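Participant: Data file query09.csv (CSV, C-alpha atoms) is appended below.
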```csv
chain,number,residue,atom,x,y,z
A,230,MET,CA,-41.1,41.5,-61.6
A,231,TYR,CA,-40.2,44.7,-59.8
A,232,GLY,CA,-41.1,46.5,-63.0
A,233,LEU,CA,-38.5,44.6,-65.0
A,234,LEU,CA,-38.6,42.2,-67.8
A,235,LEU,CA,-36.1,39.5,-66.9
A,236,ALA,CA,-34.6,36.9,-69.2
A,237,SER,CA,-33.1,33.9,-67.4
A,238,ASP,CA,-32.4,30.2,-67.7
A,239,PHE,CA,-32.7,29.8,-63.9
A,240,PRO,CA,-35.4,27.4,-62.8
A,241,PHE,CA,-37.5,29.8,-60.6
A,242,ALA,CA,-40.1,28.2,-58.4
A,243,ALA,CA,-41.9,31.5,-57.8
A,244,PRO,CA,-44.8,32.0,-60.2
A,245,LEU,CA,-43.3,34.6,-62.5
A,246,PRO,CA,-45.5,35.8,-65.4
A,247,VAL,CA,-44.2,35.0,-68.9
A,248,CYS,CA,-43.7,37.9,-71.3
A,249,VAL,CA,-42.4,38.0,-74.9
A,250,SER,CA,-40.4,41.2,-75.3
A,251,ALA,CA,-36.9,42.7,-75.1
A,252,PRO,CA,-35.6,42.1,-71.5
A,253,ASP,CA,-34.4,44.9,-69.2
A,254,LEU,CA,-32.1,42.5,-67.4
A,255,VAL,CA,-30.5,39.1,-68.0
A,256,PHE,CA,-29.7,36.6,-65.2
A,257,THR,CA,-27.8,33.5,-65.8
A,258,ASN,CA,-25.4,31.1,-64.0
A,259,SER,CA,-21.8,30.3,-64.7
A,260,SER,CA,-19.2,28.1,-63.1
A,261,SER,CA,-16.2,30.5,-63.4
A,262,ILE,CA,-16.9,34.3,-63.3
A,263,VAL,CA,-15.6,35.5,-60.0
A,264,PRO,CA,-11.9,36.4,-59.7
A,265,ASP,CA,-9.8,35.7,-56.7
A,266,LEU,CA,-10.9,38.3,-54.2
A,267,SER,CA,-8.9,37.0,-51.2
A,268,ASP,CA,-6.5,40.0,-51.3
A,269,HIS,CA,-9.4,42.5,-51.6
A,270,ASN,CA,-11.1,44.1,-48.6
A,271,PRO,CA,-14.9,44.0,-48.8
A,272,VAL,CA,-16.7,47.4,-48.8
A,273,TYR,CA,-19.4,45.8,-46.7
A,274,VAL,CA,-19.8,42.7,-44.6
A,275,SER,CA,-23.0,41.6,-42.9
A,276,MET,CA,-23.3,41.6,-39.2
A,277,TYR,CA,-24.9,38.1,-39.4
A,278,ARG,CA,-22.4,35.3,-39.4
A,279,ASP,CA,-22.2,31.5,-39.4
A,280,GLN,CA,-21.0,29.3,-36.6
A,281,LEU,CA,-17.4,29.9,-37.7
A,282,GLY,CA,-17.8,33.6,-37.7
A,283,THR,CA,-17.8,34.1,-41.5
A,284,PRO,CA,-20.1,36.9,-42.7
A,285,LEU,CA,-23.2,35.5,-44.5
A,286,LEU,CA,-22.9,38.4,-47.0
A,287,SER,CA,-19.9,40.4,-48.3
A,288,LEU,CA,-19.8,43.1,-51.0
A,289,TYR,CA,-16.7,43.6,-53.1
A,290,LYS,CA,-15.9,46.1,-55.8
A,291,HIS,CA,-13.2,45.1,-58.4
A,292,GLN,CA,-12.4,46.7,-61.7
A,293,GLY,CA,-15.8,48.4,-62.0
A,294,VAL,CA,-17.8,45.3,-61.1
A,295,ASP,CA,-19.7,44.6,-57.9
A,296,TYR,CA,-19.6,41.1,-56.4
A,297,LEU,CA,-22.2,40.0,-53.8
A,298,ARG,CA,-20.9,37.0,-52.0
A,299,PHE,CA,-23.4,34.9,-50.1
A,300,HIS,CA,-21.3,32.5,-48.0
A,301,ARG,CA,-21.7,28.9,-49.1
A,302,VAL,CA,-24.6,29.8,-51.4
A,303,ALA,CA,-23.4,31.8,-54.5
A,304,ASP,CA,-21.5,34.8,-55.8
A,305,PHE,CA,-23.3,37.3,-58.0
A,306,CYS,CA,-21.4,39.4,-60.5
A,307,ILE,CA,-23.1,42.8,-61.2
A,308,SER,CA,-21.8,45.4,-63.6
A,309,PRO,CA,-23.6,48.7,-63.1
A,310,SER,CA,-23.2,49.6,-66.7
A,311,ASP,CA,-24.4,46.2,-68.0
A,312,ALA,CA,-27.9,44.9,-67.7
A,313,THR,CA,-26.6,41.4,-66.8
A,314,ILE,CA,-26.3,39.5,-63.5
A,315,VAL,CA,-24.3,36.3,-63.5
A,316,GLY,CA,-24.4,33.9,-60.6
A,317,GLN,CA,-21.8,31.4,-59.6
A,318,PRO,CA,-23.3,28.8,-57.3
A,319,CYS,CA,-21.2,27.3,-54.5
A,320,ALA,CA,-20.7,23.6,-54.4
A,321,GLY,CA,-23.6,21.9,-52.6
A,322,SER,CA,-25.9,25.0,-52.8
A,323,ASP,CA,-29.5,24.5,-53.9
A,324,SER,CA,-31.6,26.4,-56.3
A,325,ALA,CA,-34.2,27.4,-53.6
A,326,GLU,CA,-31.5,29.2,-51.6
A,327,ILE,CA,-30.1,30.9,-54.7
A,328,GLU,CA,-33.6,32.1,-55.7
A,329,LEU,CA,-34.2,33.5,-52.2
A,330,GLN,CA,-31.1,35.6,-52.3
A,331,PHE,CA,-31.6,36.7,-55.9
A,332,LEU,CA,-35.2,37.8,-55.5
A,333,GLY,CA,-34.7,39.2,-52.0
A,334,VAL,CA,-31.3,40.9,-52.1
A,335,VAL,CA,-29.6,40.8,-55.5
A,336,LEU,CA,-32.4,42.3,-57.5
A,337,PRO,CA,-33.1,45.0,-54.9
A,338,TYR,CA,-29.4,45.8,-55.0
A,339,TRP,CA,-29.5,46.1,-58.8
A,340,LEU,CA,-32.5,48.5,-58.5
A,341,GLU,CA,-30.7,50.6,-55.9
A,342,LEU,CA,-27.7,50.9,-58.3
A,343,ALA,CA,-30.2,52.0,-61.0
A,344,GLY,CA,-31.5,54.8,-58.7
A,345,ILE,CA,-34.7,53.1,-57.7
A,346,PRO,CA,-34.9,53.0,-53.8
A,347,VAL,CA,-36.3,49.8,-52.2
A,348,LEU,CA,-38.2,49.5,-49.0
A,349,HIS,CA,-39.0,46.5,-46.8
A,350,ALA,CA,-42.7,46.7,-47.3
A,351,SER,CA,-45.7,44.9,-48.5
A,352,ALA,CA,-48.3,46.8,-50.7
A,353,VAL,CA,-51.8,46.3,-52.0
A,354,SER,CA,-54.0,48.3,-54.4
A,355,PHE,CA,-56.9,50.3,-53.3
A,356,GLN,CA,-59.1,52.3,-55.7
A,357,GLY,CA,-56.3,52.4,-58.3
A,358,GLN,CA,-53.5,53.5,-55.9
A,359,ALA,CA,-50.8,51.7,-53.9
A,360,VAL,CA,-51.0,51.4,-50.1
A,361,ALA,CA,-47.8,50.2,-48.5
A,362,PHE,CA,-47.1,48.6,-45.1
A,363,LEU,CA,-43.6,49.1,-43.8
A,364,GLY,CA,-41.6,47.5,-41.0
A,365,LEU,CA,-38.7,45.3,-40.0
A,366,SER,CA,-38.9,41.5,-40.0
A,367,GLY,CA,-41.7,40.1,-37.7
A,368,CYS,CA,-43.9,43.2,-37.7
A,369,GLY,CA,-46.7,41.5,-39.7
A,370,LYS,CA,-46.3,42.9,-43.2
A,371,SER,CA,-47.1,39.7,-45.0
A,372,THR,CA,-49.9,38.8,-42.6
A,373,LEU,CA,-51.7,42.1,-43.2
A,374,ALA,CA,-51.0,41.9,-46.9
A,375,ALA,CA,-52.6,38.4,-47.0
A,376,ALA,CA,-55.6,39.6,-45.0
A,377,LEU,CA,-56.2,42.6,-47.3
A,378,THR,CA,-55.7,40.3,-50.4
A,379,ALA,CA,-58.3,37.9,-49.0
A,380,SER,CA,-60.6,40.9,-48.6
A,381,GLY,CA,-60.4,42.0,-52.2
A,382,PHE,CA,-57.3,44.3,-52.3
A,383,PRO,CA,-55.1,43.2,-55.2
A,384,LEU,CA,-51.6,42.4,-54.0
A,385,ILE,CA,-48.7,44.5,-55.4
A,386,THR,CA,-45.7,43.1,-53.4
A,387,ASP,CA,-44.8,41.1,-50.4
A,388,ASP,CA,-41.8,42.3,-48.4
A,389,VAL,CA,-39.8,44.1,-51.2
A,390,LEU,CA,-41.2,47.4,-52.6
A,391,PRO,CA,-39.2,49.4,-55.2
A,392,ILE,CA,-40.4,53.0,-55.7
A,393,GLU,CA,-39.9,54.9,-58.9
A,394,LYS,CA,-40.3,58.7,-59.3
A,395,LYS,CA,-41.9,59.9,-62.6
A,396,GLY,CA,-42.4,63.6,-62.6
A,397,GLU,CA,-44.1,64.4,-59.3
A,398,ARG,CA,-45.5,60.9,-58.9
A,399,PHE,CA,-44.1,58.1,-56.8
A,400,LEU,CA,-44.9,54.7,-58.2
A,401,ALA,CA,-44.9,51.3,-56.5
A,402,ARG,CA,-43.3,48.6,-58.7
A,403,PRO,CA,-45.1,45.3,-58.5
A,404,ALA,CA,-43.2,42.1,-57.5
A,405,TYR,CA,-44.7,38.8,-58.5
A,406,PRO,CA,-47.9,36.9,-57.6
A,407,GLN,CA,-46.8,35.2,-54.4
A,408,LEU,CA,-47.0,35.7,-50.6
A,409,ARG,CA,-44.8,34.0,-48.0
A,410,LEU,CA,-46.7,33.0,-44.9
A,411,TRP,CA,-46.0,31.1,-41.7
A,412,PRO,CA,-47.9,27.8,-41.5
A,413,ASP,CA,-50.6,29.1,-39.1
A,414,GLU,CA,-51.2,32.1,-41.2
A,415,ALA,CA,-51.4,30.1,-44.4
A,416,ALA,CA,-53.9,27.7,-42.8
A,417,HIS,CA,-55.9,30.6,-41.5
A,418,PHE,CA,-56.4,32.3,-44.8
A,419,LEU,CA,-56.5,29.2,-47.1
A,420,GLY,CA,-58.0,26.6,-44.7
A,421,GLY,CA,-55.0,24.3,-44.9
A,422,LEU,CA,-51.5,23.8,-46.2
A,423,GLU,CA,-52.2,21.3,-49.0
A,424,ASN,CA,-50.1,22.0,-52.1
A,425,LEU,CA,-48.2,24.8,-50.5
A,426,ARG,CA,-44.5,24.3,-50.8
A,427,PRO,CA,-42.0,25.5,-48.1
A,428,VAL,CA,-40.1,28.6,-49.2
A,429,HIS,CA,-36.9,26.7,-48.3
A,430,ASP,CA,-36.0,23.6,-46.3
A,431,SER,CA,-34.6,25.8,-43.5
A,432,ILE,CA,-37.7,28.1,-43.5
A,433,SER,CA,-41.1,26.9,-42.4
A,434,LYS,CA,-42.9,29.7,-44.3
A,435,ARG,CA,-45.1,28.6,-47.2
A,436,ALA,CA,-45.2,30.0,-50.7
A,437,VAL,CA,-48.8,31.1,-51.4
A,438,PRO,CA,-49.5,31.7,-55.1
A,439,VAL,CA,-51.8,34.7,-55.7
A,440,GLY,CA,-54.3,34.6,-58.6
A,441,PRO,CA,-57.9,34.1,-59.4
A,442,VAL,CA,-57.9,30.4,-59.1
A,443,GLN,CA,-55.6,30.3,-56.1
A,444,PHE,CA,-55.8,33.2,-53.6
A,445,GLY,CA,-56.9,36.8,-54.3
A,446,THR,CA,-55.7,38.8,-57.2
A,447,PHE,CA,-52.4,40.3,-58.3
A,448,CYS,CA,-51.9,43.9,-59.5
A,449,ALA,CA,-49.3,43.7,-62.3
A,450,GLY,CA,-49.1,47.4,-63.1
A,451,MET,CA,-47.3,50.3,-61.4
A,452,GLN,CA,-49.5,52.4,-59.2
A,453,GLU,CA,-49.1,55.7,-57.6
A,454,ILE,CA,-48.5,55.5,-53.8
A,455,SER,CA,-51.2,57.2,-51.7
A,456,THR,CA,-50.5,56.0,-48.2
A,457,LEU,CA,-47.7,54.6,-46.1
A,458,TYR,CA,-48.4,52.7,-42.9
A,459,PHE,CA,-45.6,52.0,-40.4
A,460,LEU,CA,-46.6,48.9,-38.5
A,461,ASP,CA,-46.3,48.3,-34.8
A,462,ARG,CA,-47.5,45.2,-33.0
A,463,ALA,CA,-49.4,46.3,-29.8
A,464,LEU,CA,-47.4,45.7,-26.6
A,465,ASP,CA,-50.5,44.7,-24.8
A,466,GLU,CA,-52.8,42.2,-26.7
A,467,ASP,CA,-55.8,44.0,-25.2
A,468,ASP,CA,-54.8,47.4,-26.7
A,469,PRO,CA,-57.2,48.6,-29.4
A,470,VAL,CA,-56.2,48.9,-33.0
A,471,GLN,CA,-54.9,52.5,-33.6
A,472,VAL,CA,-54.2,54.6,-36.7
A,473,VAL,CA,-52.4,57.9,-36.0
A,474,PRO,CA,-50.6,60.4,-38.2
A,475,VAL,CA,-46.8,60.5,-38.2
A,476,SER,CA,-44.8,63.7,-38.2
A,477,PRO,CA,-42.5,64.2,-41.3
A,478,ARG,CA,-39.4,64.1,-39.2
A,479,LEU,CA,-40.3,60.8,-37.6
A,480,ALA,CA,-41.6,59.4,-40.9
A,481,LEU,CA,-38.2,60.1,-42.5
A,482,MET,CA,-36.4,58.3,-39.8
A,483,GLU,CA,-38.8,55.3,-40.2
A,484,LEU,CA,-38.3,55.2,-43.9
A,485,ILE,CA,-34.5,55.0,-43.5
A,486,ARG,CA,-35.0,52.3,-40.9
A,487,CYS,CA,-37.2,50.3,-43.2
A,488,SER,CA,-35.2,50.9,-46.3
A,489,PHE,CA,-33.3,48.1,-48.1
A,490,ALA,CA,-29.8,47.4,-46.6
A,491,ALA,CA,-29.1,50.8,-45.2
A,492,ARG,CA,-25.5,49.9,-44.4
A,493,VAL,CA,-25.0,48.7,-48.0
A,494,VAL,CA,-26.4,51.9,-49.3
A,495,GLN,CA,-24.0,53.8,-47.0
A,496,ALA,CA,-21.1,51.7,-48.4
A,497,LEU,CA,-22.2,52.6,-51.9
A,498,GLY,CA,-22.2,56.3,-51.1
A,499,ILE,CA,-25.8,56.9,-52.3
A,500,GLN,CA,-27.4,57.6,-48.9
A,501,LYS,CA,-27.8,61.4,-49.6
A,502,ALA,CA,-29.7,60.8,-52.9
A,503,ARG,CA,-31.9,58.3,-51.1
A,504,MET,CA,-32.5,60.8,-48.3
A,505,ASP,CA,-33.6,63.5,-50.8
A,506,PHE,CA,-35.8,60.9,-52.5
A,507,PHE,CA,-37.6,60.0,-49.2
A,508,THR,CA,-38.0,63.7,-48.3
A,509,GLN,CA,-39.8,64.3,-51.6
A,510,LEU,CA,-41.9,61.1,-51.2
A,511,LEU,CA,-43.2,62.3,-47.8
A,512,ARG,CA,-44.4,65.5,-49.3
A,513,GLN,CA,-46.7,63.6,-51.7
A,514,VAL,CA,-48.2,60.7,-49.6
A,515,ARG,CA,-50.3,60.2,-46.4
A,516,VAL,CA,-48.3,58.7,-43.6
A,517,ARG,CA,-49.8,56.7,-40.7
A,518,ARG,CA,-48.7,54.5,-37.8
A,519,LEU,CA,-50.8,51.4,-37.5
A,520,SER,CA,-50.7,49.6,-34.1
A,521,TYR,CA,-52.6,46.3,-33.8
A,522,PRO,CA,-52.5,43.0,-31.9
A,523,SER,CA,-50.9,39.9,-33.4
A,524,ARG,CA,-53.9,37.6,-33.0
A,525,LEU,CA,-55.2,36.3,-36.3
A,526,SER,CA,-58.7,36.2,-34.9
A,527,GLU,CA,-58.8,40.0,-35.0
A,528,ILE,CA,-57.1,40.6,-38.4
A,529,SER,CA,-60.4,41.2,-40.1
A,530,ASP,CA,-61.1,44.1,-37.7
A,531,VAL,CA,-57.7,45.5,-38.7
A,532,VAL,CA,-58.5,45.3,-42.4
A,533,GLU,CA,-61.8,47.2,-41.8
A,534,ILE,CA,-60.1,49.9,-39.8
A,535,VAL,CA,-57.5,50.3,-42.6
A,536,ARG,CA,-60.3,50.5,-45.2
A,537,GLN,CA,-62.1,53.2,-43.3
A,538,ASP,CA,-58.9,55.2,-42.8
A,539,LEU,CA,-58.2,55.0,-46.6
A,540,ILE,CA,-61.7,56.4,-47.5
A,541,ARG,CA,-61.6,59.1,-44.7
A,542,PRO,CA,-60.3,62.5,-45.9
A,543,ASP,CA,-57.5,64.1,-43.9
```
Show how you would write the structure in this file as structure tokens.
Facilitator:
Amino acid sequence: MYGLLLASDFPFAAPLPVCVSAPDLVFTNSSSIVPDLSDHNPVYVSMYRDQLGTPLLSLYKHQGVDYLRFHRVADFCISPSDATIVGQPCAGSDSAEIELQFLGVVLPYWLELAGIPVLHASAVSFQGQAVAFLGLSGCGKSTLAAALTASGFPLITDDVLPIEKKGERFLARPAYPQLRLWPDEAAHFLGGLENLRPVHDSISKRAVPVGPVQFGTFCAGMQEISTLYFLDRALDEDDPVQVVPVSPRLALMELIRCSFAARVVQALGIQKARMDFFTQLLRQVRVRRLSYPSRLSEISDVVEIVRQDLIRPD
């Protein structure tokens, strides 16, 4: 997943393909790996807090090791020079919550340390190239990815998109064959919710496996990115679907806005390298703004407009 071969004894619920090869990264759990950090100031704390005001996420650096602390869930020990991540679960935490944080935050953090920027984006494959849909939470990335997957576009990733530069090419790294959809969306695309597990007890989204005998197909290989779409939900539900070009300056601002944990990147001191990376990326790809209503009844029209835009030369 994310272009990595992962070795782990963790009981993942997500459908991760099995490989037999030397791993790029090892993830395991331990009961005693985190030192006492009470006297250390975090280099980053999340703006999101629990009812007692405790940050839901804090980042510490201690003796060359990074510690991602998810309050009342787990601590993750990450050594930038070591291809190992060790998790220390908190008392009472469950594996579903640990999996959510590992796949959605910890792995993207590790990739950022490795010089592979990560975007909040879904992506599908079209004619052998990657097409990405970017936006913050609630803009419809997963919905559009599901609609495109149902229409024959192989899924590359849902919500987390790492991008690797090889020569002059920018490649989308595939995640794993699963979408996460709200119940009404899952019912719309699959005809019901039978056999679809909740992502977590506190989240009503359903995990939708992607594959030939389930839903659509999955693209397991890296693909060069051809087009970026920044998503906007139409303010007026009667507004037509629109696809318009985006200026390089505005596109750069949008990429920063949609990048993984921008404040964390700033705390790590790698924002300049990321800015240079995004500037080069924008010289190589088509950039569009896609505005469309949120009604599921019209999502097939959005898919067709995207398809026509992709085959239309600039």
Participant: So, counting all atoms listed in the file, which residue among A:Val493, A:Asp538, A:Leu234, A:Leu460 is closest to A:Leu297?
Facilitator: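 Under the stated criterion, the closest residue is A:Val493.
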Participant: Name the closest residue to A:Leu390 among the candidates A:Ala325, A:Ala359, A:Val274, A:Val472; distances are taken between atoms, counting all atoms listed in the file.
Facilitator: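 Of A:Ala325, A:Ala359, A:Val274, A:Val472, the one nearest A:Leu390 is A:Ala359, counting all atoms listed in the file.
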Participant: Counting all atoms listed in the file, what is within 12 Å of A:Val475, bar same-chain residues fewer than 5 positions away, as a ChimeraX atom specification?
Facilitator: /A:456-460,480-484,511,514-519
Participant: Go ahead and write the selection's residues with C-alpha atoms as a compact mmCIF listing (two decimals), in the coordinates of the input.
Facilitator:
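The resulting part_2.txt:
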```txt
# COMPACT_ATOMS: atom_id res chain seq x y z
CA THR A 456 -50.50 56.00 -48.20
CA LEU A 457 -47.70 54.60 -46.10
CA TYR A 458 -48.40 52.70 -42.90
CA PHE A 459 -45.60 52.00 -40.40
CA LEU A 460 -46.60 48.90 -38.50
CA ALA A 480 -41.60 59.40 -40.90
CA LEU A 481 -38.20 60.10 -42.50
CA MET A 482 -36.40 58.30 -39.80
CA GLU A 483 -38.80 55.30 -40.20
CA LEU A 484 -38.30 55.20 -43.90
CA LEU A 511 -43.20 62.30 -47.80
CA VAL A 514 -48.20 60.70 -49.60
CA ARG A 515 -50.30 60.20 -46.40
CA VAL A 516 -48.30 58.70 -43.60
CA ARG A 517 -49.80 56.70 -40.70
CA ARG A 518 -48.70 54.50 -37.80
CA LEU A 519 -50.80 51.40 -37.50
```
Participant: If we count only C-alpha atoms, what is near A:Asn424 at a cut-off of 10 Å, once residues fewer than 3 positions away on the same chain are taken out, given as JSON, numbers by chain?
Facilitator: {"A": [421, 427, 435, 436, 437]}
Participant: Next, write the just-selected residues to a file, as a PDB file, in the frame of the given file, keeping C-alpha atoms as the atom set.
Facilitator:
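The file below, part26.pdb, is the result:
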```pdb
ATOM      1  CA  GLY A 421     -55.000  24.300 -44.900  1.00  0.00           C
ATOM      2  CA  PRO A 427     -42.000  25.500 -48.100  1.00  0.00           C
ATOM      3  CA  ARG A 435     -45.100  28.600 -47.200  1.00  0.00           C
ATOM      4  CA  ALA A 436     -45.200  30.000 -50.700  1.00  0.00           C
ATOM      5  CA  VAL A 437     -48.800  31.100 -51.400  1.00  0.00           C
TER       6      VAL A 437
END
```
Participant: Just give me the gap between atom CA of A:Phe399 and atom CA of A:Leu373 in Å, one decimal is fine.
Facilitator: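 According to the coordinates, atom CA of A:Phe399 and atom CA of A:Leu373 are separated by 22.3 Å.
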Participant: Could you tell me how far atom CA of A:Pro469 sits from atom CA of A:Leu348, in Å to one decimal place?
Facilitator: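 Computing the Euclidean distance for atom CA of A:Leu348 and atom CA of A:Pro469 yields 27.3 Å.
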Participant: Which residues are near A:Ala496? Cut-off 10 Å, only C-alpha atoms, ignore same chain within fewer than 3 positions. Put them as a list of chain:residue names.
Facilitator: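 With the cut-off at 10 Å, the set is A:Pro271, A:Val272, A:Tyr273, A:Val274, A:Leu288, A:Ala490, A:Ala491, A:Arg492, A:Val493, A:Ile499, A:Gln500.
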Participant: Have a look at atom CA of A:Glu393 and atom CA of A:Ala312 and let me know their distance in Å, one decimal.
Facilitator: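 Atom-to-atom, atom CA of A:Glu393 and atom CA of A:Ala312 are spaced 17.9 Å apart.
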Participant: Tell me which protein, DNA and RNA residues are within 12 Å of A:Leu245, counting only C-alpha atoms, leaving out same-chain ones fewer than 5 positions away, and put them as a ChimeraX atom specification.
Facilitator: /A:230-231,233-237,239-240,332,403-407,438-440,447,449
Participant: Write the residues of the preceding selection, restricted to C-alpha atoms, as a JSON list (two decimals), in the coordinates of the input.
Facilitator:
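Written output follows (again-v9.json):
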```json
[["chain", "number", "residue", "atom", "x", "y", "z"],
["A", 230, "MET", "CA", -41.10, 41.50, -61.60],
["A", 231, "TYR", "CA", -40.20, 44.70, -59.80],
["A", 233, "LEU", "CA", -38.50, 44.60, -65.00],
["A", 234, "LEU", "CA", -38.60, 42.20, -67.80],
["A", 235, "LEU", "CA", -36.10, 39.50, -66.90],
["A", 236, "ALA", "CA", -34.60, 36.90, -69.20],
["A", 237, "SER", "CA", -33.10, 33.90, -67.40],
["A", 239, "PHE", "CA", -32.70, 29.80, -63.90],
["A", 240, "PRO", "CA", -35.40, 27.40, -62.80],
["A", 332, "LEU", "CA", -35.20, 37.80, -55.50],
["A", 403, "PRO", "CA", -45.10, 45.30, -58.50],
["A", 404, "ALA", "CA", -43.20, 42.10, -57.50],
["A", 405, "TYR", "CA", -44.70, 38.80, -58.50],
["A", 406, "PRO", "CA", -47.90, 36.90, -57.60],
["A", 407, "GLN", "CA", -46.80, 35.20, -54.40],
["A", 438, "PRO", "CA", -49.50, 31.70, -55.10],
["A", 439, "VAL", "CA", -51.80, 34.70, -55.70],
["A", 440, "GLY", "CA", -54.30, 34.60, -58.60],
["A", 447, "PHE", "CA", -52.40, 40.30, -58.30],
["A", 449, "ALA", "CA", -49.30, 43.70, -62.30]]
```
Participant: Within 9 Å of A:Pro318, counting all atoms listed in the file, which residues qualify if same-chain residues fewer than 4 places away don't, as a list of chain:residue names?
Facilitator: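 Listing them by chain and then by number gives A:Asn258, A:Ser259, A:Ser260, A:Arg301, A:Val302, A:Ala303, A:Asp304, A:Phe305, A:Ser322, A:Asp323, A:Ser324, A:Ile327.
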Participant: Which is closer to A:Val532 than all the others in A:Asn270, A:Thr372, A:Ser488, A:Gln513, using only C-alpha atoms?
Facilitator: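 Nearest to A:Val532: A:Thr372.
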Participant: Please determine the residues with any atom at most 12 Å from (-39.1, 57.1, -58.9) (coordinates as given in the file, with all atoms listed in the file counting) and report them as a PyMOL selection string.
Facilitator: chain A and resi 232+340-341+343-347+390-402+451-454+502-503+505-507+509-510
Participant: Which of these residues is nearest to A:Glu326, using all atoms listed in the file: A:Ala242, A:Cys487, A:Leu365, A:Ile534?
Facilitator: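 Selected residue with least distance to A:Glu326: A:Ala242.
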Participant: Would you mind telling me which residue in A:Ala320, A:Val360, A:Val470, A:Val249 lies nearest to A:Tyr521 when using all atoms listed in the file?
Facilitator: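 That would be A:Val470, the residue with the smallest distance to A:Tyr521.
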Participant: When you count all atoms listed in the file, which of these residues is closest to A:Pro441: A:Pro522, A:Gly357, A:Gly381, A:Gly321?
Facilitator: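 Using all atoms listed in the file, the shortest distance to A:Pro441 belongs to A:Gly381.
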Participant: Centre and edge lengths of an axis-aligned box around all listed atoms of stretch 358-370 of chain A, with 6 Å added on each side, are to be given in Å to one decimal, as AutoDock Vina command-line options.
Facilitator:
```
--center_x -46.1 --center_y 46.8 --center_z -46.8 --size_x 26.8 --size_y 25.4 --size_z 30.2
```
